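Heads up, run_0.pdb below (PDB, C-alpha atoms):
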ATOM      1  CA  MET N 724     117.069 -18.223-122.916
ATOM      2  CA  ALA N 725     114.201 -16.612-120.967
ATOM      3  CA  LEU N 726     112.080 -18.943-118.881
ATOM      4  CA  GLY N 727     108.951 -16.804-119.081
ATOM      5  CA  THR N 728     107.136 -13.571-118.364
ATOM      6  CA  GLU N 729     103.824 -12.269-117.018
ATOM      7  CA  TYR N 730     101.470  -9.880-118.791
ATOM      8  CA  GLY N 731      98.385  -7.946-117.766
ATOM      9  CA  ARG N 732      94.683  -8.662-118.145
ATOM     10  CA  GLU N 733      94.430  -6.314-121.120
ATOM     11  CA  ASN N 734      96.488  -8.822-123.148
ATOM     12  CA  MET N 735      94.031 -11.673-122.546
ATOM     13  CA  GLN N 736      92.624 -12.784-125.875
ATOM     14  CA  LYS N 737      89.656 -15.042-126.444
ATOM     15  CA  ARG N 738      90.179 -18.300-128.295
ATOM     16  CA  PRO N 739      87.791 -20.028-130.739
ATOM     17  CA  LEU N 740      85.913 -23.237-129.931
ATOM     18  CA  GLY N 741      86.441 -24.962-133.263
ATOM     19  CA  ASP N 742      84.544 -23.161-135.997
ATOM     20  CA  SER N 743      81.380 -22.874-133.885
ATOM     21  CA  GLY N 744      81.622 -19.092-133.753
ATOM     22  CA  LEU N 745      82.010 -19.286-129.966
ATOM     23  CA  ARG N 746      85.096 -17.697-128.427
ATOM     24  CA  ILE N 747      86.171 -18.011-124.808
ATOM     25  CA  ALA N 748      88.778 -16.631-122.430
ATOM     26  CA  PRO N 749      91.725 -19.018-121.841
ATOM     27  CA  LEU N 750      90.375 -20.622-118.651
ATOM     28  CA  VAL N 751      87.219 -22.671-118.068
ATOM     29  CA  PHE N 752      85.692 -22.909-114.590
ATOM     30  CA  GLY N 753      85.086 -26.549-113.671
ATOM     31  CA  GLY N 754      81.662 -26.751-112.053
ATOM     32  CA  ASN N 755      82.104 -30.300-110.749
ATOM     33  CA  VAL N 756      82.823 -28.859-107.280
ATOM     34  CA  PHE N 757      79.339 -27.336-106.971
ATOM     35  CA  GLY N 758      77.199 -29.552-104.773
ATOM     36  CA  TRP N 759      80.326 -31.336-103.587
ATOM     37  CA  THR N 760      83.189 -29.358-102.011
ATOM     38  CA  VAL N 761      81.631 -25.913-102.596
ATOM     39  CA  ASP N 762      78.385 -24.721-101.011
ATOM     40  CA  GLU N 763      75.994 -22.406-102.820
ATOM     41  CA  LYS N 764      77.077 -19.165-101.170
ATOM     42  CA  THR N 765      80.709 -19.840-102.055
ATOM     43  CA  ALA N 766      79.733 -20.936-105.573
ATOM     44  CA  PHE N 767      77.999 -17.600-106.169
ATOM     45  CA  SER N 768      81.030 -15.638-104.963
ATOM     46  CA  LEU N 769      83.385 -17.709-107.145
ATOM     47  CA  LEU N 770      81.244 -17.267-110.251
ATOM     48  CA  ASP N 771      80.885 -13.538-109.556
ATOM     49  CA  ALA N 772      84.664 -13.175-109.343
ATOM     50  CA  PHE N 773      85.262 -15.355-112.400
ATOM     51  CA  VAL N 774      83.065 -13.230-114.654
ATOM     52  CA  ALA N 775      84.236  -9.949-113.118
ATOM     53  CA  ALA N 776      87.814 -10.879-114.042
ATOM     54  CA  GLY N 777      86.867 -11.198-117.715
ATOM     55  CA  PHE N 778      86.462 -14.981-117.927
ATOM     56  CA  ASP N 779      83.318 -16.482-119.346
ATOM     57  CA  CYS N 780      83.153 -20.263-119.875
ATOM     58  CA  ILE N 781      81.620 -22.504-117.198
ATOM     59  CA  ASP N 782      81.718 -26.275-117.625
ATOM     60  CA  THR N 783      79.422 -28.704-115.851
ATOM     61  CA  ALA N 784      77.481 -31.922-116.519
ATOM     62  CA  ASP N 785      74.054 -33.309-115.714
ATOM     63  CA  VAL N 786      75.685 -36.066-113.650
ATOM     64  CA  TYR N 787      77.554 -33.678-111.285
ATOM     65  CA  SER N 788      77.647 -34.481-108.488
ATOM     66  CA  ASN N 789      75.918 -37.856-108.088
ATOM     67  CA  PHE N 790      79.224 -39.352-106.965
ATOM     68  CA  VAL N 791      78.659 -37.674-103.571
ATOM     69  CA  PRO N 792      76.646 -39.762-101.068
ATOM     70  CA  GLY N 793      73.123 -38.390-100.862
ATOM     71  CA  ASN N 794      73.271 -36.595-104.221
ATOM     72  CA  ARG N 795      71.243 -37.637-107.269
ATOM     73  CA  GLY N 796      72.972 -35.617-109.984
ATOM     74  CA  GLY N 797      72.015 -32.199-111.302
ATOM     75  CA  GLU N 798      73.287 -30.366-108.227
ATOM     76  CA  SER N 799      75.960 -28.476-110.138
ATOM     77  CA  GLU N 800      73.659 -27.425-112.977
ATOM     78  CA  ALA N 801      71.018 -26.311-110.478
ATOM     79  CA  THR N 802      73.532 -24.179-108.568
ATOM     80  CA  ILE N 803      74.683 -22.497-111.781
ATOM     81  CA  GLY N 804      71.062 -21.984-112.815
ATOM     82  CA  ARG N 805      70.204 -20.223-109.565
ATOM     83  CA  TRP N 806      73.302 -18.005-109.959
ATOM     84  CA  LEU N 807      72.297 -17.122-113.535
ATOM     85  CA  ARG N 808      68.791 -16.237-112.407
ATOM     86  CA  ALA N 809      69.994 -14.189-109.437
ATOM     87  CA  ARG N 810      72.647 -12.273-111.357
ATOM     88  CA  GLY N 811      71.061 -11.990-114.821
ATOM     89  CA  ARG N 812      74.405 -12.809-116.473
ATOM     90  CA  ARG N 813      73.313 -15.382-119.071
ATOM     91  CA  SER N 814      74.608 -13.375-122.037
ATOM     92  CA  ASP N 815      77.980 -12.936-120.315
ATOM     93  CA  VAL N 816      78.823 -16.633-120.103
ATOM     94  CA  VAL N 817      79.448 -19.543-122.428
ATOM     95  CA  LEU N 818      77.629 -22.415-120.772
ATOM     96  CA  ALA N 819      78.935 -25.924-121.379
ATOM     97  CA  THR N 820      77.311 -29.077-120.030
ATOM     98  CA  LYS N 821      77.312 -32.780-120.847
ATOM     99  CA  VAL N 822      74.996 -35.732-121.356
ATOM    100  CA  GLY N 823      75.422 -39.488-121.394
ATOM    101  CA  ASN N 824      76.884 -40.593-118.075
ATOM    102  CA  PRO N 825      74.481 -42.622-115.920
ATOM    103  CA  MET N 826      71.855 -40.610-114.061
ATOM    104  CA  GLY N 827      69.887 -43.735-113.190
ATOM    105  CA  ALA N 828      69.152 -47.239-114.442
ATOM    106  CA  ASP N 829      67.427 -46.131-117.662
ATOM    107  CA  ARG N 830      68.860 -42.603-117.847
ATOM    108  CA  LYS N 831      72.167 -42.875-119.664
ATOM    109  CA  GLY N 832      73.779 -43.156-123.074
ATOM    110  CA  LEU N 833      73.479 -41.186-126.289
ATOM    111  CA  SER N 834      70.294 -42.442-127.897
ATOM    112  CA  LYS N 835      68.059 -39.819-129.483
ATOM    113  CA  ARG N 836      65.305 -40.655-127.009
ATOM    114  CA  TYR N 837      67.535 -40.076-124.015
ATOM    115  CA  ILE N 838      69.324 -36.963-125.307
ATOM    116  CA  THR N 839      65.967 -35.364-126.163
ATOM    117  CA  ALA N 840      64.737 -35.901-122.604
ATOM    118  CA  ALA N 841      68.011 -35.127-120.839
ATOM    119  CA  VAL N 842      68.492 -31.756-122.498
ATOM    120  CA  GLU N 843      65.138 -30.569-121.165
ATOM    121  CA  ASP N 844      66.181 -31.540-117.636
ATOM    122  CA  SER N 845      69.487 -29.664-118.024
ATOM    123  CA  LEU N 846      67.777 -26.577-119.446
ATOM    124  CA  ALA N 847      65.346 -26.548-116.520
ATOM    125  CA  ARG N 848      68.103 -26.886-113.923
ATOM    126  CA  LEU N 849      70.238 -24.243-115.629
ATOM    127  CA  GLN N 850      67.205 -21.938-115.931
ATOM    128  CA  THR N 851      68.008 -21.077-119.534
ATOM    129  CA  ASP N 852      66.484 -21.789-122.936
ATOM    130  CA  TYR N 853      69.756 -22.681-124.670
ATOM    131  CA  ILE N 854      73.090 -24.371-123.991
ATOM    132  CA  ASP N 855      76.152 -22.948-125.732
ATOM    133  CA  LEU N 856      78.174 -26.168-125.815
ATOM    134  CA  TYR N 857      76.440 -29.520-125.329
ATOM    135  CA  GLN N 858      78.911 -32.372-124.986
ATOM    136  CA  ALA N 859      78.668 -36.144-125.214
ATOM    137  CA  HIS N 860      80.176 -37.065-121.861
ATOM    138  CA  ARG N 861      81.616 -40.313-123.147
ATOM    139  CA  ASP N 862      81.238 -42.534-126.182
ATOM    140  CA  ASP N 863      78.211 -44.832-126.339
ATOM    141  CA  PRO N 864      79.190 -47.829-128.512
ATOM    142  CA  GLY N 865      75.640 -49.180-128.221
ATOM    143  CA  THR N 866      74.131 -46.258-130.129
ATOM    144  CA  PRO N 867      74.951 -45.542-133.790
ATOM    145  CA  LEU N 868      76.841 -42.293-134.267
ATOM    146  CA  GLU N 869      74.238 -41.301-136.861
ATOM    147  CA  GLU N 870      71.524 -41.422-134.205
ATOM    148  CA  THR N 871      73.512 -39.377-131.700
ATOM    149  CA  LEU N 872      74.468 -36.701-134.230
ATOM    150  CA  ASP N 873      70.896 -36.575-135.525
ATOM    151  CA  ALA N 874      69.683 -35.938-131.981
ATOM    152  CA  PHE N 875      72.167 -33.086-131.597
ATOM    153  CA  ASP N 876      71.150 -31.749-135.013
ATOM    154  CA  SER N 877      67.532 -31.532-133.888
ATOM    155  CA  LEU N 878      68.551 -29.585-130.778
ATOM    156  CA  ILE N 879      70.649 -27.141-132.812
ATOM    157  CA  ARG N 880      67.807 -26.607-135.271
ATOM    158  CA  ALA N 881      65.419 -26.003-132.377
ATOM    159  CA  GLY N 882      67.757 -23.353-130.938
ATOM    160  CA  LYS N 883      68.314 -25.291-127.721
ATOM    161  CA  VAL N 884      72.011 -25.928-128.400
ATOM    162  CA  ARG N 885      74.551 -23.733-130.237
ATOM    163  CA  ALA N 886      77.422 -26.214-130.703
ATOM    164  CA  ILE N 887      78.330 -29.769-129.758
ATOM    165  CA  GLY N 888      81.433 -31.374-128.334
ATOM    166  CA  ALA N 889      82.793 -34.743-127.263
ATOM    167  CA  SER N 890      84.503 -35.891-124.096
ATOM    168  CA  ASN N 891      86.477 -39.094-123.456
ATOM    169  CA  TYR N 892      86.366 -40.235-127.104
ATOM    170  CA  THR N 893      89.212 -42.037-128.854
ATOM    171  CA  GLY N 894      90.837 -40.581-131.943
ATOM    172  CA  ALA N 895      89.347 -43.343-134.063
ATOM    173  CA  ARG N 896      85.810 -42.593-132.891
ATOM    174  CA  LEU N 897      86.263 -38.856-133.410
ATOM    175  CA  ASP N 898      87.394 -39.576-136.951
ATOM    176  CA  GLU N 899      84.427 -41.891-137.494
ATOM    177  CA  ALA N 900      82.013 -39.290-136.125
ATOM    178  CA  ALA N 901      83.448 -36.681-138.490
ATOM    179  CA  CYS N 902      82.932 -39.005-141.463
ATOM    180  CA  VAL N 903      79.397 -39.875-140.373
ATOM    181  CA  GLY N 904      78.536 -36.209-139.956
ATOM    182  CA  GLU N 905      79.919 -35.246-143.341
ATOM    183  CA  ARG N 906      78.171 -38.135-145.075
ATOM    184  CA  GLY N 907      74.809 -37.386-143.487
ATOM    185  CA  ALA N 908      75.024 -33.578-143.467
ATOM    186  CA  LEU N 909      74.935 -33.715-139.672
ATOM    187  CA  PRO N 910      76.728 -31.382-137.239
ATOM    188  CA  ARG N 911      80.290 -32.179-136.234
ATOM    189  CA  PHE N 912      81.882 -32.056-132.835
ATOM    190  CA  GLN N 913      83.514 -28.649-132.434
ATOM    191  CA  THR N 914      85.376 -29.441-129.239
ATOM    192  CA  LEU N 915      87.036 -32.244-127.343
ATOM    193  CA  GLN N 916      87.281 -32.496-123.563
ATOM    194  CA  PRO N 917      90.073 -35.002-122.840
ATOM    195  CA  LEU N 918      92.078 -35.943-119.760
ATOM    196  CA  TYR N 919      95.313 -34.005-120.240
ATOM    197  CA  ASN N 920      97.885 -32.390-117.998
ATOM    198  CA  LEU N 921     101.624 -32.367-117.331
ATOM    199  CA  TYR N 922     101.395 -35.843-115.753
ATOM    200  CA  ASP N 923      98.780 -37.451-118.041
ATOM    201  CA  ARG N 924     100.253 -36.816-121.490
ATOM    202  CA  ALA N 925     100.621 -40.019-123.471
ATOM    203  CA  ASN N 926      97.078 -40.798-124.620
ATOM    204  CA  TYR N 927      96.170 -37.280-125.681
ATOM    205  CA  GLU N 928      99.417 -36.531-127.485
ATOM    206  CA  SER N 929      99.603 -39.860-129.345
ATOM    207  CA  ASP N 930      95.947 -40.559-130.134
ATOM    208  CA  LEU N 931      93.958 -37.336-129.934
ATOM    209  CA  GLU N 932      96.121 -34.289-130.552
ATOM    210  CA  PRO N 933      96.886 -35.083-134.210
ATOM    211  CA  PHE N 934      93.147 -35.313-135.002
ATOM    212  CA  CYS N 935      92.347 -32.138-133.047
ATOM    213  CA  ILE N 936      94.997 -30.123-134.896
ATOM    214  CA  ARG N 937      94.023 -31.553-138.281
ATOM    215  CA  SER N 938      90.313 -30.906-137.711
ATOM    216  CA  GLY N 939      90.587 -27.604-135.893
ATOM    217  CA  LEU N 940      88.796 -28.774-132.758
ATOM    218  CA  GLY N 941      88.768 -26.619-129.674
ATOM    219  CA  VAL N 942      90.352 -28.555-126.806
ATOM    220  CA  ILE N 943      89.322 -27.942-123.184
ATOM    221  CA  PRO N 944      91.142 -30.542-121.074
ATOM    222  CA  TYR N 945      89.844 -31.668-117.702
ATOM    223  CA  PHE N 946      91.922 -32.556-114.608
ATOM    224  CA  SER N 947      94.321 -29.872-115.841
ATOM    225  CA  LEU N 948      96.064 -29.944-112.464
ATOM    226  CA  ALA N 949      95.877 -33.747-112.168
ATOM    227  CA  SER N 950      93.268 -33.567-109.389
ATOM    228  CA  GLY N 951      95.499 -31.171-107.473
ATOM    229  CA  PHE N 952      98.762 -33.119-107.743
ATOM    230  CA  LEU N 953     100.354 -30.420-109.903
ATOM    231  CA  THR N 954      99.682 -27.742-107.286
ATOM    232  CA  GLY N 955     102.618 -29.222-105.384
ATOM    233  CA  LYS N 956     100.600 -29.652-102.187
ATOM    234  CA  TYR N 957     100.781 -33.445-102.253
ATOM    235  CA  ARG N 958     104.255 -34.909-101.881
ATOM    236  CA  SER N 959     103.691 -37.810 -99.457
ATOM    237  CA  ALA N 960     101.002 -40.293 -98.455
ATOM    238  CA  ALA N 961     100.293 -38.152 -95.404
ATOM    239  CA  ASP N 962      99.534 -35.153 -97.620
ATOM    240  CA  LEU N 963      96.758 -37.078 -99.366
ATOM    241  CA  LYS N 964      94.627 -36.864 -96.226
ATOM    242  CA  GLN N 965      94.297 -33.110 -96.768
ATOM    243  CA  SER N 966      91.764 -33.506 -99.561
ATOM    244  CA  GLN N 967      88.700 -35.454-100.607
ATOM    245  CA  ARG N 968      90.549 -35.945-103.899
ATOM    246  CA  GLY N 969      93.452 -37.731-102.224
ATOM    247  CA  SER N 970      92.458 -41.091-103.668
ATOM    248  CA  PHE N 971      92.781 -39.663-107.204
ATOM    249  CA  ILE N 972      96.358 -38.573-106.546
ATOM    250  CA  ALA N 973      97.931 -41.565-104.779
ATOM    251  CA  ASN N 974      99.098 -43.253-107.995
ATOM    252  CA  LYS N 975     101.022 -40.121-109.013
ATOM    253  CA  LEU N 976     103.397 -40.310-106.057
ATOM    254  CA  ASP N 977     105.886 -42.297-108.137
ATOM    255  CA  ALA N 978     109.348 -41.629-109.551
ATOM    256  CA  ARG N 979     107.961 -39.810-112.597
ATOM    257  CA  GLY N 980     105.593 -37.762-110.449
ATOM    258  CA  PHE N 981     108.405 -36.601-108.184
ATOM    259  CA  LYS N 982     110.519 -35.769-111.230
ATOM    260  CA  ILE N 983     107.694 -33.564-112.547
ATOM    261  CA  LEU N 984     107.335 -31.822-109.171
ATOM    262  CA  ALA N 985     111.081 -31.173-109.110
ATOM    263  CA  ALA N 986     110.913 -29.593-112.572
ATOM    264  CA  LEU N 987     107.967 -27.444-111.499
ATOM    265  CA  ASP N 988     109.929 -26.326-108.442
ATOM    266  CA  GLU N 989     112.904 -25.430-110.644
ATOM    267  CA  VAL N 990     110.831 -23.324-113.044
ATOM    268  CA  CYS N 991     108.904 -21.716-110.178
ATOM    269  CA  ALA N 992     112.129 -20.681-108.458
ATOM    270  CA  GLU N 993     113.357 -18.991-111.634
ATOM    271  CA  LEU N 994     110.059 -17.238-112.323
ATOM    272  CA  HIS N 995     109.074 -16.523-108.705
ATOM    273  CA  SER N 996     105.833 -18.315-109.515
ATOM    274  CA  THR N 997     103.839 -21.307-108.227
ATOM    275  CA  PRO N 998     103.348 -24.895-109.455
ATOM    276  CA  THR N 999      99.677 -24.211-110.224
ATOM    277  CA  ARG N1000     100.487 -21.269-112.459
ATOM    278  CA  VAL N1001     103.336 -23.009-114.236
ATOM    279  CA  ALA N1002     101.418 -26.280-114.828
ATOM    280  CA  LEU N1003      98.481 -24.417-116.380
ATOM    281  CA  ALA N1004     100.764 -22.129-118.378
ATOM    282  CA  TRP N1005     102.444 -25.251-119.801
ATOM    283  CA  LEU N1006      99.036 -26.430-121.038
ATOM    284  CA  LEU N1007      98.207 -23.041-122.520
ATOM    285  CA  ALA N1008     101.495 -23.104-124.431
ATOM    286  CA  ARG N1009     100.464 -26.255-126.335
ATOM    287  CA  PRO N1010      99.277 -25.171-129.814
ATOM    288  CA  SER N1011      96.287 -27.530-129.694
ATOM    289  CA  ILE N1012      94.885 -26.372-126.341
ATOM    290  CA  THR N1013      92.107 -23.791-126.243
ATOM    291  CA  ALA N1014      91.546 -23.432-122.503
ATOM    292  CA  PRO N1015      92.165 -25.763-119.564
ATOM    293  CA  ILE N1016      89.318 -26.572-117.196
ATOM    294  CA  ALA N1017      90.188 -25.973-113.547
ATOM    295  CA  SER N1018      88.172 -25.775-110.353
ATOM    296  CA  ALA N1019      88.543 -23.587-107.298
ATOM    297  CA  THR N1020      86.949 -23.797-103.874
ATOM    298  CA  SER N1021      88.082 -20.377-102.620
ATOM    299  CA  LEU N1022      88.752 -16.920-104.017
ATOM    300  CA  SER N1023      92.474 -17.288-103.309
ATOM    301  CA  GLN N1024      92.583 -20.457-105.401
ATOM    302  CA  LEU N1025      90.674 -18.682-108.158
ATOM    303  CA  GLU N1026      93.232 -15.861-108.190
ATOM    304  CA  GLU N1027      95.943 -18.488-108.735
ATOM    305  CA  LEU N1028      94.078 -19.743-111.799
ATOM    306  CA  PHE N1029      93.721 -16.209-113.150
ATOM    307  CA  ALA N1030      97.449 -15.608-112.660
ATOM    308  CA  ALA N1031      98.240 -18.758-114.660
ATOM    309  CA  THR N1032      96.642 -17.263-117.763
ATOM    310  CA  ARG N1033      98.971 -14.245-117.491
ATOM    311  CA  LEU N1034     102.141 -16.351-117.386
ATOM    312  CA  GLU N1035     103.933 -17.065-120.652
ATOM    313  CA  LEU N1036     106.590 -19.759-120.403
ATOM    314  CA  GLY N1037     109.745 -19.423-122.442
ATOM    315  CA  ALA N1038     111.234 -22.233-124.498
ATOM    316  CA  ALA N1039     113.715 -23.222-121.753
ATOM    317  CA  ALA N1040     110.958 -23.638-119.163
ATOM    318  CA  ILE N1041     108.811 -25.672-121.542
ATOM    319  CA  ALA N1042     111.752 -27.894-122.446
ATOM    320  CA  CYS N1043     112.517 -28.507-118.764
ATOM    321  CA  LEU N1044     108.923 -29.540-118.062
ATOM    322  CA  ASP N1045     108.714 -31.621-121.237
ATOM    323  CA  ARG N1046     111.816 -33.604-120.285
ATOM    324  CA  ALA N1047     110.636 -34.297-116.769
ATOM    325  CA  SER N1048     107.169 -35.418-117.846
ATOM    326  CA  ALA N1049     108.122 -37.305-121.023
TER     327      ALA N1049
END
What is this file in structure tokens?
Amino acid sequence: MALGTEYGRENMQKRPLGDSGLRIAPLVFGGNVFGWTVDEKTAFSLLDAFVAAGFDCIDTADVYSNFVPGNRGGESEATIGRWLRARGRRSDVVLATKVGNPMGADRKGLSKRYITAAVEDSLARLQTDYIDLYQAHRDDPGTPLEETLDAFDSLIRAGKVRAIGASNYTGARLDEAACVGERGALPRFQTLQPLYNLYDRANYESDLEPFCIRSGLGVIPYFSLASGFLTGKYRSAADLKQSQRGSFIANKLDARGFKILAALDEVCAELHSTPTRVALAWLLARPSITAPIASATSLSQLEELFAATRLELGAAAIACLDRASA
């Protein structure tokens, strides 16, 4: 049985984000690196190359990258906004950002008051008058779902947001939000942004995937390469010192992690490919996945991501990876 094949750019087809009417190429650029491991000049060159290659969806969040000492949040959005203004490419991209994670003591959550203020800050930083996909960054149990969805409804009606999505929600809360929206004639989440990759499978596949398939949600998983672990660059504690993300990867250097790397190596040897390409192609082969989110800090890394979207894994390759990561 064939392990896989590669095809050209002309075969790249856009995929729907739920029933929002938005369609995107099968790779989302993760803007969390802007204002962190990527300076502005490099960010511009990466975004130029991304769009030139036929890709279109850029994901960020208001909070990126306040986890970096000296940053306050908004750095990523502001970088993207300056690129949009300099290049005049707003109509060529699907812009996704998020709200809800703490930006300060009283700047967090999903209340209508906060969402209404936060969206204006994001629009100003992004230098645009609308956001294509506005996502709740994580659930806010302290705010009624009716209030959150009503806030999003107001933004959609005002033309400031085209569609809404959720990130880091449980299946139960997604189901509840769908019921609340239907009961109150409020908009529904069109997308989900979960943690999902070849290493982190259990929660998505058991709790979230059934709802996403049943409801037709677009799924754009983050940490698609498990913070770089699935690139194959990190195979020992010493390797972790190569990256600022090393602390995110340490717990994956276990028996299961090494088994996954061995399976990736096996498939790569057969296909003359790389772990990055194969790990992303495995995600793209899942029927529920719309487009994985992945970041790059150099043009060579970006080319690897592009190549992943041209790789189709055969059933034998998928079975090998499934067994190793079960």
I'd like to see the residues matched by the PyMOL selection byres ((chain N and resi 999) around 12) on this file, and ideally I'd get them as number ranges by chain.
N: 920-921, 947-956, 984, 987-988, 990-991, 996-998, 1000-1006, 1017-1019, 1024-1032, 1034
Q.
Can you pull out the residues contacting region 754-765 of chain N? Cut-off 10 Å, using all atoms listed in the file, and skip same-chain residues under 6 positions away; I want them as number ranges by chain.
A. N: 771, 781-792, 794, 796-803, 805-806, 819-820, 966-967, 1016-1022
At most 12 Å is the cut-off: for each residue in region 877-911 of chain N with any atom that close to an atom of region 837-854 of chain N, write down the nearest atom pair and the distance in Å rounded to one decimal, counting only C-alpha atoms, chain first then increasing number, as CSV.
residue,atom,partner,partner_atom,distance
N:Ser877,CA,N:Thr839,CA,8.8
N:Leu878,CA,N:Thr839,CA,7.8
N:Ile879,CA,N:Tyr853,CA,9.3
N:Arg880,CA,N:Tyr853,CA,11.5
N:Ala881,CA,N:Tyr853,CA,9.4
N:Gly882,CA,N:Tyr853,CA,6.6
N:Lys883,CA,N:Tyr853,CA,4.3
N:Val884,CA,N:Ile854,CA,4.8
N:Arg885,CA,N:Ile854,CA,6.4
N:Ala886,CA,N:Ile854,CA,8.2
N:Ile887,CA,N:Ile854,CA,9.5
N:Gly888,CA,N:Ile854,CA,11.7
List the residues matched by the PyMOL selection byres ((chain N and resi 817) around 9) in the displayed structure as a tab-separated table (two decimals) with C-alpha atoms, in the coordinates of the input, ordered by chain and then by residue number.
chain	number	residue	atom	x	y	z
N	745	LEU	CA	82.01	-19.29	-129.97
N	746	ARG	CA	85.10	-17.70	-128.43
N	747	ILE	CA	86.17	-18.01	-124.81
N	779	ASP	CA	83.32	-16.48	-119.35
N	780	CYS	CA	83.15	-20.26	-119.88
N	781	ILE	CA	81.62	-22.50	-117.20
N	782	ASP	CA	81.72	-26.28	-117.62
N	813	ARG	CA	73.31	-15.38	-119.07
N	814	SER	CA	74.61	-13.38	-122.04
N	815	ASP	CA	77.98	-12.94	-120.32
N	816	VAL	CA	78.82	-16.63	-120.10
N	818	LEU	CA	77.63	-22.42	-120.77
N	819	ALA	CA	78.94	-25.92	-121.38
N	854	ILE	CA	73.09	-24.37	-123.99
N	855	ASP	CA	76.15	-22.95	-125.73
N	856	LEU	CA	78.17	-26.17	-125.82
Practice item. Specify as a list in words each residue included when the PyMOL selection byres ((chain N and resi 940) around 9) is applied to this file. Key: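 Selected by the PyMOL selection byres ((chain N and resi 940) around 9) here: Leu740, Gly741, Asp742, Gly888, Phe912, Gln913, Thr914, Leu915, Phe934, Cys935, Ile936, Arg937, Ser938, Gly939, Gly941, Val942, Ser1011 and Thr1013 of chain N.
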Output of the above residues as a PDB file, in the frame of the given file, restricted to C-alpha atoms:
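Just written: out.pdb:
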ATOM      1  CA  LEU N 740      85.913 -23.237-129.931  1.00  0.00           C
ATOM      2  CA  GLY N 741      86.441 -24.962-133.263  1.00  0.00           C
ATOM      3  CA  ASP N 742      84.544 -23.161-135.997  1.00  0.00           C
ATOM      4  CA  GLY N 888      81.433 -31.374-128.334  1.00  0.00           C
ATOM      5  CA  PHE N 912      81.882 -32.056-132.835  1.00  0.00           C
ATOM      6  CA  GLN N 913      83.514 -28.649-132.434  1.00  0.00           C
ATOM      7  CA  THR N 914      85.376 -29.441-129.239  1.00  0.00           C
ATOM      8  CA  LEU N 915      87.036 -32.244-127.343  1.00  0.00           C
ATOM      9  CA  PHE N 934      93.147 -35.313-135.002  1.00  0.00           C
ATOM     10  CA  CYS N 935      92.347 -32.138-133.047  1.00  0.00           C
ATOM     11  CA  ILE N 936      94.997 -30.123-134.896  1.00  0.00           C
ATOM     12  CA  ARG N 937      94.023 -31.553-138.281  1.00  0.00           C
ATOM     13  CA  SER N 938      90.313 -30.906-137.711  1.00  0.00           C
ATOM     14  CA  GLY N 939      90.587 -27.604-135.893  1.00  0.00           C
ATOM     15  CA  GLY N 941      88.768 -26.619-129.674  1.00  0.00           C
ATOM     16  CA  VAL N 942      90.352 -28.555-126.806  1.00  0.00           C
ATOM     17  CA  SER N1011      96.287 -27.530-129.694  1.00  0.00           C
ATOM     18  CA  THR N1013      92.107 -23.791-126.243  1.00  0.00           C
TER      19      THR N1013
END
- prompt: Hey, which of N:Leu1007, N:Ala776, N:Ile983, N:Ala1014 ends up closest to Leu1044 (chain N)? Count only C-alpha atoms.
  reply: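 Using only C-alpha atoms, the shortest distance to Leu1044 (chain N) belongs to N:Ile983.
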| field | Neighbour residues at most 9 Å from (82.3, -46.4, -122.4) (only C-alpha atoms) as a ChimeraX atom specification | value | /N:861-864,891-892
Where is the centre and how long are the edges: axis-aligned box on region 763-776 of chain N, 4 Å on each side, Å to one decimal, as lines of an AutoDock Vina configuration file:
center_x = 81.9
center_y = -16.2
center_z = -107.9
size_x = 19.8
size_y = 20.5
size_z = 21.5
Checklist entry - Any idea what the distance is between CA of Thr893 (chain N) and CA of Tyr927 (chain N)? => result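 We find that CA of Thr893 (chain N) and CA of Tyr927 (chain N) lie 9.0 Å from each other.
Remark: residues at most 10 Å from position (99.9, -37.7, -100.0) in file coordinates are Phe952, Lys956, Tyr957, Arg958, Ser959, Ala960, Ala961, Asp962, Leu963, Lys964, Gln965, Ser966, Gly969, Ser970, Ile972, Ala973, Asn974, Lys975 and Leu976 of chain N, using only C-alpha atoms.
Of the listed residues N:Asp923, N:Glu932, N:Arg830, N:Glu993, the one whose atoms come nearest to Gly980 (chain N) is N:Asp923, with distances taken using only C-alpha atoms.
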Counting only C-alpha atoms, closest pick from N:Leu726, N:Ala978, N:Ala986, N:Leu769 relative to Ser1023 (chain N) is N:Leu769
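Here CA of Gly827 (chain N) and CA of Arg795 (chain N) stand 8.6 Å from one another.
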Report, in Å to a single decimal, how far apart CA of Pro1015 (chain N) and CA of Asp873 (chain N) are.
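Calculated distance between CA of Asp873 (chain N) and CA of Pro1015 (chain N) is 28.7 Å.
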Between N:Phe875, N:Asn926, N:Glu870, N:Gln916, smallest distance to Val903 (chain N) by all atoms listed in the file belongs to N:Glu870
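When all atoms listed in the file are used to measure the gap to Asn824 (chain N), the shortest distance among N:Ala1049, N:Ala859, N:Leu807, N:Val751 belongs to N:Ala859.
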Worksheet item: Between N:Ala1040, N:Asp930, N:Met826, N:Phe752, which is the closest to Ala992 (chain N) once you count all atoms listed in the file?
Response: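 Among N:Ala1040, N:Asp930, N:Met826, N:Phe752, it is N:Ala1040 that comes nearest to Ala992 (chain N).
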Near-Glu1035 (chain N) list (8 Å; only C-alpha atoms; drop same-chain fewer than 6 positions) as a short mmCIF file (atom, residue, chain, number, x, y, z; two decimals) with C-alpha atoms, in the coordinates of the input:
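Result went into selection-v9.cif, see below:
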data_model
loop_
_atom_site.label_atom_id
_atom_site.label_comp_id
_atom_site.auth_asym_id
_atom_site.auth_seq_id
_atom_site.Cartn_x
_atom_site.Cartn_y
_atom_site.Cartn_z
CA GLY N 727 108.95 -16.80 -119.08
CA THR N 728 107.14 -13.57 -118.36
CA GLU N 729 103.82 -12.27 -117.02
CA TYR N 730 101.47 -9.88 -118.79
CA ALA N 1004 100.76 -22.13 -118.38
CA ALA N 1008 101.50 -23.10 -124.43
#
